[in-house]
file data-v8.txt (compact mmCIF, C-alpha atoms (C1' of nucleotides))
# COMPACT_ATOMS: atom_id res chain seq x y z
CA MET A 28 154.12 134.30 142.32
CA GLN A 29 154.60 130.72 141.28
CA GLU A 30 152.09 128.37 139.79
CA SER A 31 152.80 125.68 142.34
CA PRO A 32 149.43 123.99 142.22
CA GLU A 33 148.88 123.45 145.89
CA SER A 34 150.61 126.07 148.03
CA ALA A 35 149.54 128.55 145.37
CA ASP A 36 149.58 132.10 146.60
CA ALA A 37 148.60 132.16 150.23
CA ASP A 38 147.80 135.75 149.45
CA LEU A 39 145.13 134.85 146.94
CA VAL A 40 143.66 132.27 149.25
CA ASP A 41 143.40 134.91 151.93
CA ALA A 42 141.58 137.21 149.56
CA VAL A 43 139.09 134.51 148.71
CA LEU A 44 138.62 133.68 152.37
CA THR A 45 137.91 137.30 153.21
CA GLY A 46 135.61 137.69 150.25
CA SER A 47 133.66 134.63 151.17
CA ARG A 48 133.00 135.96 154.65
CA ALA A 49 131.64 139.16 153.19
CA MET A 50 129.46 137.34 150.74
CA ILE A 51 127.98 134.93 153.19
CA ALA A 52 127.13 137.81 155.47
CA VAL A 53 125.24 139.45 152.62
CA ALA A 54 123.27 136.31 151.94
CA VAL A 55 122.27 135.91 155.55
CA ARG A 56 121.29 139.54 155.92
CA SER A 57 119.03 139.33 152.91
CA LEU A 58 117.10 136.58 154.64
CA SER A 59 116.69 138.30 157.98
CA GLY A 60 115.25 141.32 156.21
CA LEU A 61 112.20 139.37 155.12
CA ALA A 62 108.71 140.29 156.23
CA GLU A 63 107.60 136.72 156.97
CA ASP A 64 109.64 134.95 159.57
CA ILE A 65 111.37 132.33 157.49
CA THR A 66 114.24 130.09 158.49
CA LEU A 67 117.11 129.31 156.19
CA ALA A 68 115.98 125.71 155.76
CA GLN A 69 112.47 126.81 154.88
CA TYR A 70 113.80 129.31 152.38
CA ARG A 71 115.96 126.66 150.75
CA THR A 72 112.88 124.50 150.30
CA LEU A 73 110.97 127.34 148.70
CA VAL A 74 113.89 128.12 146.39
CA VAL A 75 114.08 124.56 145.14
CA LEU A 76 110.36 124.53 144.42
CA ALA A 77 110.61 127.91 142.70
CA SER A 78 113.47 126.89 140.44
CA ARG A 79 112.41 123.33 139.67
CA GLY A 80 108.67 123.49 139.84
CA PRO A 81 106.44 121.11 141.81
CA GLN A 82 108.32 118.10 143.10
CA LYS A 83 107.41 114.83 144.64
CA LEU A 84 108.55 114.55 148.21
CA ALA A 85 111.43 112.15 147.62
CA ASP A 86 112.88 114.30 144.84
CA LEU A 87 112.54 117.42 146.95
CA ALA A 88 114.38 115.69 149.76
CA ALA A 89 117.16 114.71 147.35
CA CYS A 90 117.46 118.28 146.05
CA LEU A 91 117.74 119.59 149.58
CA GLY A 92 120.18 116.90 150.61
CA VAL A 93 118.00 115.72 153.47
CA THR A 94 116.10 112.51 154.18
CA PRO A 95 112.46 112.09 153.13
CA PRO A 96 111.12 112.29 156.68
CA THR A 97 112.89 115.60 157.20
CA ALA A 98 111.57 116.98 153.93
CA GLY A 99 108.10 115.73 154.74
CA ARG A 100 107.98 117.46 158.07
CA MET A 101 109.39 120.60 156.56
CA CYS A 102 106.54 120.57 154.07
CA ASP A 103 104.08 120.04 156.92
CA ARG A 104 105.26 123.25 158.52
CA LEU A 105 105.31 125.16 155.25
CA ALA A 106 101.86 123.86 154.33
CA ARG A 107 100.54 124.95 157.71
CA ARG A 108 101.66 128.47 156.81
CA GLU A 109 100.23 128.00 153.32
CA LEU A 110 103.53 128.57 151.56
CA VAL A 111 103.37 125.21 149.80
CA GLY A 112 100.58 122.81 148.83
CA ARG A 113 100.60 119.02 148.99
CA HIS A 114 98.58 116.98 146.53
CA ARG A 115 98.25 113.24 146.19
CA GLU A 116 99.11 112.21 142.65
CA GLU A 117 96.20 110.62 140.74
CA ASP A 118 98.27 108.32 138.53
CA ASP A 119 100.35 106.93 141.36
CA ARG A 120 98.62 107.40 144.64
CA ARG A 121 101.79 106.77 146.57
CA VAL A 122 103.44 110.03 145.61
CA VAL A 123 102.70 113.42 147.07
CA ARG A 124 103.48 116.42 144.93
CA ILE A 125 104.66 119.57 146.66
CA SER A 126 104.05 122.89 144.96
CA LEU A 127 104.69 126.52 145.74
CA THR A 128 101.69 128.68 146.60
CA PRO A 129 101.58 132.30 145.42
CA ALA A 130 102.51 133.36 148.95
CA GLY A 131 105.50 131.04 148.84
CA ARG A 132 106.63 132.45 145.54
CA ASP A 133 106.34 135.98 146.88
CA ILE A 134 108.79 135.15 149.63
CA VAL A 135 111.37 133.81 147.21
CA ASP A 136 110.97 136.85 144.96
CA GLU A 137 111.28 139.25 147.83
CA ALA A 138 114.40 137.59 149.24
CA THR A 139 116.07 137.61 145.84
CA ARG A 140 115.17 141.25 145.34
CA GLN A 141 116.54 142.11 148.76
CA ARG A 142 119.74 140.25 148.07
CA ARG A 143 120.24 142.11 144.82
CA VAL A 144 119.71 145.43 146.51
CA TYR A 145 122.35 144.66 149.11
CA ILE A 146 124.83 143.54 146.50
CA ALA A 147 124.15 146.52 144.29
CA GLU A 148 124.68 148.82 147.25
CA ILE A 149 128.01 147.25 147.99
CA LEU A 150 129.12 147.41 144.36
CA ALA A 151 128.02 151.03 144.17
CA GLY A 152 130.58 151.78 146.86
CA LEU A 153 133.39 150.73 144.52
CA PRO A 154 134.91 152.83 141.75
CA PRO A 155 133.60 151.49 138.41
CA ALA A 156 136.92 149.98 137.42
CA ARG A 157 137.20 147.92 140.56
CA ARG A 158 133.53 147.10 140.30
CA ARG A 159 134.09 145.41 136.96
CA GLU A 160 137.17 143.74 138.33
CA ALA A 161 135.28 142.39 141.29
CA ALA A 162 132.54 140.97 139.12
CA ALA A 163 134.99 139.41 136.69
CA GLY A 164 136.91 137.86 139.56
CA LEU A 165 133.85 136.38 141.13
CA ARG A 166 132.67 135.03 137.84
CA ALA A 167 136.04 133.41 137.28
CA PHE A 168 135.92 131.88 140.71
CA ALA A 169 132.43 130.56 140.16
CA GLU A 170 133.44 129.04 136.83
CA ALA A 171 136.48 127.36 138.35
CA THR A 172 134.31 125.90 141.05
CA GLY A 173 131.98 124.47 138.50
CA GLU A 174 128.33 123.82 138.90
CA VAL A 175 127.34 123.44 142.49
CA PRO A 176 124.91 120.56 142.86
CA ASP A 177 121.84 121.66 144.78
CA SER A 178 122.42 118.99 147.36
CA GLU A 179 125.67 120.71 148.31
CA TRP A 180 124.38 124.20 147.95
CA PRO A 181 123.22 125.58 151.28
CA GLY A 182 120.64 127.53 149.36
CA VAL A 183 121.53 130.95 150.58
CA MET B 13 127.62 149.99 131.49
CA GLN B 14 126.35 152.97 133.40
CA GLU B 15 127.27 154.10 136.85
CA SER B 16 123.66 154.37 137.97
CA PRO B 17 124.21 153.75 141.64
CA GLU B 18 121.31 151.49 142.42
CA SER B 19 120.21 149.49 139.42
CA ALA B 20 123.92 149.22 138.69
CA ASP B 21 124.79 146.46 136.30
CA ALA B 22 122.42 143.57 136.78
CA ASP B 23 125.24 141.70 135.14
CA LEU B 24 127.64 142.39 137.97
CA VAL B 25 125.05 141.54 140.55
CA ASP B 26 124.57 138.22 138.83
CA ALA B 27 128.28 137.55 138.93
CA VAL B 28 128.39 138.23 142.64
CA LEU B 29 125.35 136.07 143.20
CA THR B 30 126.95 133.18 141.33
CA GLY B 31 130.25 133.66 143.07
CA SER B 32 128.63 133.65 146.46
CA ARG B 33 126.98 130.33 145.76
CA ALA B 34 130.31 128.82 144.86
CA MET B 35 132.02 130.21 147.89
CA ILE B 36 129.40 129.14 150.36
CA ALA B 37 129.56 125.65 148.94
CA VAL B 38 133.30 125.61 149.54
CA ALA B 39 132.86 126.67 153.14
CA VAL B 40 130.30 123.99 153.80
CA ARG B 41 132.35 121.28 152.16
CA SER B 42 135.37 122.14 154.27
CA LEU B 43 133.29 121.41 157.35
CA SER B 44 131.87 118.12 156.21
CA GLY B 45 135.38 116.85 155.50
CA LEU B 46 136.27 116.96 159.17
CA ALA B 47 137.19 113.85 161.11
CA GLU B 48 135.09 114.72 164.18
CA ASP B 49 131.42 115.08 163.53
CA ILE B 50 130.93 118.78 164.09
CA THR B 51 127.87 120.86 163.29
CA LEU B 52 128.12 124.33 161.85
CA ALA B 53 126.90 125.90 165.08
CA GLN B 54 129.47 124.01 167.10
CA TYR B 55 132.21 125.03 164.72
CA ARG B 56 131.21 128.67 164.97
CA THR B 57 131.53 128.45 168.73
CA LEU B 58 134.99 126.93 168.48
CA VAL B 59 136.07 129.60 165.99
CA VAL B 60 134.99 132.41 168.30
CA LEU B 61 136.91 130.87 171.18
CA ALA B 62 139.94 130.33 168.98
CA SER B 63 140.04 133.90 167.71
CA ARG B 64 139.06 135.71 170.90
CA GLY B 65 140.40 133.48 173.60
CA PRO B 66 138.46 132.24 176.63
CA GLN B 67 135.14 134.01 177.05
CA LYS B 68 132.55 134.24 179.71
CA LEU B 69 129.29 132.70 178.67
CA ALA B 70 127.37 135.92 178.14
CA ASP B 71 130.08 137.39 175.91
CA LEU B 72 130.33 134.18 173.93
CA ALA B 73 126.59 134.26 173.38
CA ALA B 74 126.83 137.86 172.16
CA CYS B 75 129.63 136.98 169.74
CA LEU B 76 127.60 134.14 168.33
CA GLY B 77 124.44 136.21 168.11
CA VAL B 78 122.44 133.80 170.25
CA THR B 79 120.89 134.01 173.69
CA PRO B 80 122.81 132.95 176.81
CA PRO B 81 120.76 129.80 177.38
CA THR B 82 121.49 128.68 173.84
CA ALA B 83 125.20 129.34 174.24
CA GLY B 84 125.20 127.60 177.59
CA ARG B 85 123.66 124.45 176.24
CA MET B 86 125.98 124.52 173.26
CA CYS B 87 128.91 124.60 175.69
CA ASP B 88 127.39 121.70 177.61
CA ARG B 89 127.50 119.59 174.50
CA LEU B 90 130.99 120.74 173.52
CA ALA B 91 132.26 120.18 177.06
CA ARG B 92 130.78 116.67 177.02
CA ARG B 93 132.98 116.00 173.99
CA GLU B 94 135.89 117.73 175.69
CA LEU B 95 136.28 120.37 173.01
CA VAL B 96 135.82 123.21 175.47
CA GLY B 97 136.28 123.59 179.22
CA ARG B 98 134.07 125.50 181.67
CA HIS B 99 135.56 127.04 184.78
CA ARG B 100 133.90 129.03 187.47
CA GLU B 101 135.70 132.33 187.86
CA GLU B 102 137.32 132.76 191.27
CA ASP B 103 137.01 136.54 191.44
CA ASP B 104 133.36 136.62 190.50
CA ARG B 105 131.73 133.30 191.15
CA ARG B 106 128.77 134.18 188.98
CA VAL B 107 130.70 133.96 185.72
CA VAL B 108 131.70 130.80 183.90
CA ARG B 109 134.67 131.05 181.60
CA ILE B 110 134.65 128.92 178.49
CA SER B 111 137.96 127.95 176.96
CA LEU B 112 139.09 125.87 174.03
CA THR B 113 140.76 122.55 174.80
CA PRO B 114 143.66 121.33 172.64
CA ALA B 115 141.23 118.98 170.92
CA GLY B 116 138.94 121.90 170.18
CA ARG B 117 141.75 123.93 168.74
CA ASP B 118 142.77 121.01 166.53
CA ILE B 119 139.35 120.99 164.97
CA VAL B 120 139.48 124.67 164.12
CA ASP B 121 142.95 124.31 162.66
CA GLU B 122 142.00 121.32 160.59
CA ALA B 123 138.87 122.99 159.18
CA THR B 124 140.84 126.08 158.21
CA ARG B 125 143.51 123.98 156.58
CA GLN B 126 140.87 122.03 154.68
CA ARG B 127 139.20 125.20 153.54
CA ARG B 128 142.48 126.60 152.24
CA VAL B 129 143.17 123.42 150.34
CA TYR B 130 139.80 123.57 148.61
CA ILE B 131 140.26 127.21 147.69
CA ALA B 132 143.80 126.66 146.46
CA GLU B 133 142.58 123.77 144.32
CA ILE B 134 139.95 125.93 142.76
CA LEU B 135 142.36 128.78 142.12
CA ALA B 136 144.84 126.34 140.63
CA GLY B 137 142.23 125.59 137.98
CA LEU B 138 142.39 129.16 136.73
CA PRO B 139 145.04 130.65 134.45
CA PRO B 140 147.34 132.82 136.58
CA ALA B 141 146.03 136.07 135.15
CA ARG B 142 142.46 135.28 136.00
CA ARG B 143 143.60 133.93 139.32
CA ARG B 144 145.00 137.31 140.30
CA GLU B 145 141.91 138.97 138.92
CA ALA B 146 139.64 136.78 140.98
CA ALA B 147 141.56 137.48 144.17
CA ALA B 148 141.64 141.21 143.51
CA GLY B 149 137.93 141.22 142.83
CA LEU B 150 137.09 139.37 146.00
CA ARG B 151 139.32 141.62 148.00
CA ALA B 152 137.60 144.66 146.54
CA PHE B 153 134.22 143.20 147.36
CA ALA B 154 135.26 142.42 150.90
CA GLU B 155 136.58 145.95 151.37
CA ALA B 156 133.40 147.49 150.04
CA THR B 157 131.38 145.37 152.40
CA GLY B 158 133.43 146.56 155.33
CA GLU B 159 134.10 144.72 158.49
CA VAL B 160 131.55 142.06 159.19
CA PRO B 161 130.61 142.06 162.87
CA ASP B 162 130.88 138.59 164.29
CA SER B 163 127.27 138.62 165.36
CA GLU B 164 126.27 138.84 161.70
CA TRP B 165 128.90 136.50 160.47
CA PRO B 166 127.58 132.94 160.17
CA GLY B 167 131.05 131.80 161.05
CA VAL B 168 131.63 129.59 158.06
C1' DG C 23 95.15 86.22 139.19
C1' DG C 24 97.54 86.03 143.35
C1' DG C 25 101.57 86.48 146.01
C1' DT C 26 105.71 89.00 146.63
C1' DA C 27 108.97 92.67 146.10
C1' DT C 28 109.60 97.58 145.55
C1' DT C 29 108.67 102.24 146.17
C1' DA C 30 106.64 106.40 148.60
C1' DA C 31 105.31 108.47 152.33
C1' DT C 32 104.48 108.61 157.18
C1' DT C 33 105.26 107.78 162.09
C1' DG C 34 107.90 107.12 166.32
C1' DC C 35 111.84 108.17 168.69
C1' DC C 36 116.29 110.55 169.32
C1' DT C 37 119.65 114.68 169.01
C1' DA C 38 120.87 119.48 168.20
C1' DT C 39 119.74 124.30 167.95
C1' DA C 40 117.28 128.35 169.35
C1' DG C 41 114.12 131.38 171.85
C1' DC C 42 111.43 133.18 176.06
C1' DA C 43 110.37 133.28 180.83
C1' DT C 44 111.71 132.03 185.23
C1' DT C 45 114.69 130.92 188.93
C1' DG C 46 118.91 130.73 191.67
C1' DA C 47 123.20 132.35 193.00
C1' DT C 48 126.39 136.08 193.58
C1' DT C 49 127.88 140.59 193.74
C1' DG C 50 127.55 145.74 194.24
C1' DC C 51 125.59 149.56 196.09
C1' DA C 52 122.89 152.63 198.91
C1' DT D 5 121.82 145.23 205.90
C1' DG D 6 118.91 144.91 202.33
C1' DC D 7 117.86 145.62 197.57
C1' DA D 8 118.98 145.86 192.76
C1' DA D 9 121.70 144.22 189.11
C1' DT D 10 124.24 140.52 186.89
C1' DC D 11 125.22 135.89 185.34
C1' DA D 12 124.17 131.35 184.70
C1' DA D 13 120.99 127.56 184.72
C1' DT D 14 116.27 125.43 183.94
C1' DG D 15 111.77 124.54 182.07
C1' DC D 16 109.10 124.80 178.12
C1' DT D 17 108.29 125.34 173.09
C1' DA D 18 109.48 125.06 168.15
C1' DT D 19 112.41 124.01 164.16
C1' DA D 20 115.51 120.84 161.91
C1' DG D 21 117.83 116.63 161.15
C1' DG D 22 118.58 111.39 161.34
C1' DC D 23 117.35 106.23 161.62
C1' DA D 24 114.18 102.47 162.02
C1' DA D 25 109.81 100.67 161.42
C1' DT D 26 105.24 100.88 159.36
C1' DT D 27 101.62 101.55 155.99
C1' DA D 28 99.87 102.14 151.42
C1' DA D 29 100.20 101.55 146.65
C1' DT D 30 102.24 99.76 142.62
C1' DA D 31 105.08 96.51 139.87
C1' DC D 32 106.72 92.09 138.90
C1' DC D 33 106.81 87.18 138.59
C1' DC D 34 105.00 82.54 138.64
call {"tool": "encode", "arguments": {"input": "data-v8.txt", "output": "structure tokens"}}
result
Amino acid sequence: MQESPESADADLVDAVLTGSRAMIAVAVRSLSGLAEDITLAQYRTLVVLASRGPQKLADLAACLGVTPPTAGRMCDRLARRELVGRHREEDDRRVVRISLTPAGRDIVDEATRQRRVYIAEILAGLPPARRREAAAGLRAFAEATGEVPDSEWPGV
Amino acid sequence: MQESPESADADLVDAVLTGSRAMIAVAVRSLSGLAEDITLAQYRTLVVLASRGPQKLADLAACLGVTPPTAGRMCDRLARRELVGRHREEDDRRVVRISLTPAGRDIVDEATRQRRVYIAEILAGLPPARRREAAAGLRAFAEATGEVPDSEWPGV
DNA sequence: GGGTATTAATTGCCTATAGCATTGATTGCA
DNA sequence: TGCAATCAATGCTATAGGCAATTAATACCC
């Protein structure tokens, strides 16, 4: 195996490709197992609010990598289901602050829990040695990738 | 580190979680780098046709995990851009067979190539030892997950 | 202080995706 | 032949995304 930077190890690339399929499938499954009927886009919105706290609409849109109108209408739908709240700011009456309701937070918690269960189940199917290996490998890969900006992160 | 099957190693679960974020981001980026302006759903359709050959509409819909009307309209749009062709079957004039055009195949090839470049770049940023470790870990994870049925595979 | 520029959100209009229910065409079978 | 099953297409609804234009509020400048 050479260290040729580009053509490096078609074999390794294949492994990553296969692994990524498996992992994406896990992420998607953890969403479809939810009680409430939540779309991926809606879930992403809730996750951003959960991890960053209440946001004004424009910032939320930037975090999600969508335009303000799109984010606004998303919040309309989520507010209709009482998963987020919208409040006009007092200091600057132009901005609207979007916040997670308890029901919204529950959904994020439940999805994360579900996801962890799936992953733990999969890892449990590996012999401990390979389990550690798998985790170390994934961690290495994640580090090499660097921080994924939220705007590029599909949120799953 | 215990072998407790379920609560197994919150640490490992975290690693997988982080790795999956990184990998999904790679998949998405490889799509947005395409020349033609292709949505994820459209790309999934092209991938199914590329890997399974021409399909009748109902089967294509099943592979994609969508309903026949959805698949049909997707093919309308792709056919309008000449990325797929639709042909009435002669034997059974009820069925419409969807096939990839050369232009459609080009898109699939280009996206795959792009994806491999991104992954190779990331792997190149790791010391060779960790590189092998990462690949082995992902492979192990993929094996433990088992085959992902196409209907559950988001196609990225 | 008053006018203007900027910023934030909203609204209108368009496309794409997805589902359900219905309809139309074709084929298979009794 | 006639009826049931199959396959695709259509009509309608909802979600999700974008751009352009509009409205409301604030900031800045003279």
call {"tool": "residues_around", "arguments": {"input": "data-v8.txt", "residues": "DT14 of chain D", "least_positions_apart": "5", "cutoff": "12 Å", "atoms": "only C-alpha atoms (C1' of nucleotides)", "output": "list in words"}}
result
Pro81, Thr82, Gly84 and Arg85 of chain B; DA43, DT44, DT45 and DG46 of chain C
call {"tool": "closest_residue", "arguments": {"input": "data-v8.txt", "among": "B:Ala62, B:Val78, B:Val25, B:Ala83", "to": "chain A", "atoms": "only C-alpha atoms"}}
result
B:Val25
call {"tool": "closest_residue", "arguments": {"input": "data-v8.txt", "among": "C:DT48, C:DT37, C:DT32, C:DT26", "to": "chain A", "atoms": "only C-alpha atoms (C1' of nucleotides)"}}
result
C:DT32
call {"tool": "closest_residue", "arguments": {"input": "data-v8.txt", "among": "A:Ala85, A:Val135, A:Leu76, A:Ala171", "to": "DT29 of chain C", "atoms": "only C-alpha atoms (C1' of nucleotides)"}}
result
A:Ala85
call {"tool": "interface_residues", "arguments": {"input": "data-v8.txt", "of": "chain D", "to": "chain A", "cutoff": "7 Å", "atoms": "all atoms listed in the file", "output": "tab-separated table (two decimals) with C-alpha atoms (C1' of nucleotides), keeping the file's coordinate frame"}}
result
chain	number	residue	atom	x	y	z
D	21	DG	C1'	117.83	116.63	161.15
D	28	DA	C1'	99.87	102.14	151.42
D	29	DA	C1'	100.20	101.55	146.65
call {"tool": "atom_distance", "arguments": {"input": "data-v8.txt", "atom1": "atom CA of Glu133 of chain B", "atom2": "atom CA of Ser44 of chain B"}}
result
17.0 Å
call {"tool": "interface_residues", "arguments": {"input": "data-v8.txt", "of": "chain C", "to": "chain A", "cutoff": "12 Å", "atoms": "all atoms listed in the file", "output": "ChimeraX atom specification"}}
result
/C:29-34,40
call {"tool": "atom_distance", "arguments": {"input": "data-v8.txt", "atom1": "atom CA of Leu150 of chain B", "atom2": "atom CA of Arg142 of chain A"}}
result
17.5 Å
call {"tool": "atom_distance", "arguments": {"input": "data-v8.txt", "atom1": "atom CA of Leu90 of chain B", "atom2": "atom C1' of DA38 of chain C"}}
result
11.5 Å
call {"tool": "axis_aligned_box", "arguments": {"input": "data-v8.txt", "around": "segment 76-79 of chain B", "padding_each_side": "8 Å", "output": "JSON"}}
result
{"center_x": 124.2, "center_y": 135.0, "center_z": 170.9, "size_x": 22.7, "size_y": 18.4, "size_z": 21.6}
call {"tool": "closest_residue", "arguments": {"input": "data-v8.txt", "among": "B:Thr57, B:Ala147, B:Gln126, B:Glu155", "to": "chain A", "atoms": "all atoms listed in the file"}}
result
B:Ala147
call {"tool": "residues_around", "arguments": {"input": "data-v8.txt", "residues": "Val75 of chain A", "least_positions_apart": "4", "cutoff": "8 Å", "atoms": "all atoms listed in the file", "output": "VMD selection string"}}
result
chain A and resid 71 79 to 80 87 90 to 91
call {"tool": "closest_residue", "arguments": {"input": "data-v8.txt", "among": "B:Pro139, B:Ala132, B:Glu102, B:Leu46", "to": "chain A", "atoms": "all atoms listed in the file"}}
result
B:Ala132
call {"tool": "closest_residue", "arguments": {"input": "data-v8.txt", "among": "B:Cys87, B:Ala141, B:Ala136, B:Val96", "to": "chain A", "atoms": "only C-alpha atoms"}}
result
B:Ala136
call {"tool": "decode", "arguments": {"input": "data-v8.txt", "residues": "segment 94-134 of chain A", "atoms": "C-alpha atoms", "output": "tab-separated table (two decimals), in the first residue's frame"}}
result
chain	number	residue	atom	x	y	z
A	94	THR	CA	-32.96	31.09	2.88
A	95	PRO	CA	-34.92	33.12	5.44
A	96	PRO	CA	-38.27	32.58	3.72
A	97	THR	CA	-37.75	28.83	3.81
A	98	ALA	CA	-36.79	28.90	7.48
A	99	GLY	CA	-39.73	31.15	8.25
A	100	ARG	CA	-42.24	28.84	6.68
A	101	MET	CA	-40.64	25.87	8.35
A	102	CYS	CA	-41.13	27.61	11.68
A	103	ASP	CA	-44.75	28.33	10.75
A	104	ARG	CA	-45.37	24.62	10.35
A	105	LEU	CA	-43.46	23.71	13.50
A	106	ALA	CA	-45.24	26.41	15.48
A	107	ARG	CA	-48.59	25.12	14.25
A	108	ARG	CA	-47.67	21.78	15.80
A	109	GLU	CA	-46.38	23.60	18.89
A	110	LEU	CA	-42.86	22.25	18.59
A	111	VAL	CA	-41.35	25.74	18.48
A	112	GLY	CA	-42.46	29.18	19.66
A	113	ARG	CA	-42.02	32.51	17.90
A	114	HIS	CA	-41.62	35.71	19.88
A	115	ARG	CA	-41.12	39.24	18.69
A	116	GLU	CA	-38.02	40.70	20.31
A	117	GLU	CA	-38.72	43.70	22.58
A	118	ASP	CA	-35.41	45.49	22.04
A	119	ASP	CA	-35.51	45.24	18.27
A	120	ARG	CA	-39.01	44.68	17.07
A	121	ARG	CA	-37.82	43.55	13.68
A	122	VAL	CA	-36.42	40.25	14.88
A	123	VAL	CA	-38.41	37.16	15.71
A	124	ARG	CA	-36.85	34.72	18.11
A	125	ILE	CA	-37.55	31.03	17.59
A	126	SER	CA	-37.35	28.73	20.57
A	127	LEU	CA	-37.91	25.06	21.23
A	128	THR	CA	-41.00	24.08	23.19
A	129	PRO	CA	-40.82	21.19	25.67
A	130	ALA	CA	-42.58	19.02	23.09
A	131	GLY	CA	-39.96	19.96	20.52
A	132	ARG	CA	-37.16	19.08	22.88
A	133	ASP	CA	-38.76	15.72	23.61
A	134	ILE	CA	-38.61	14.85	19.94
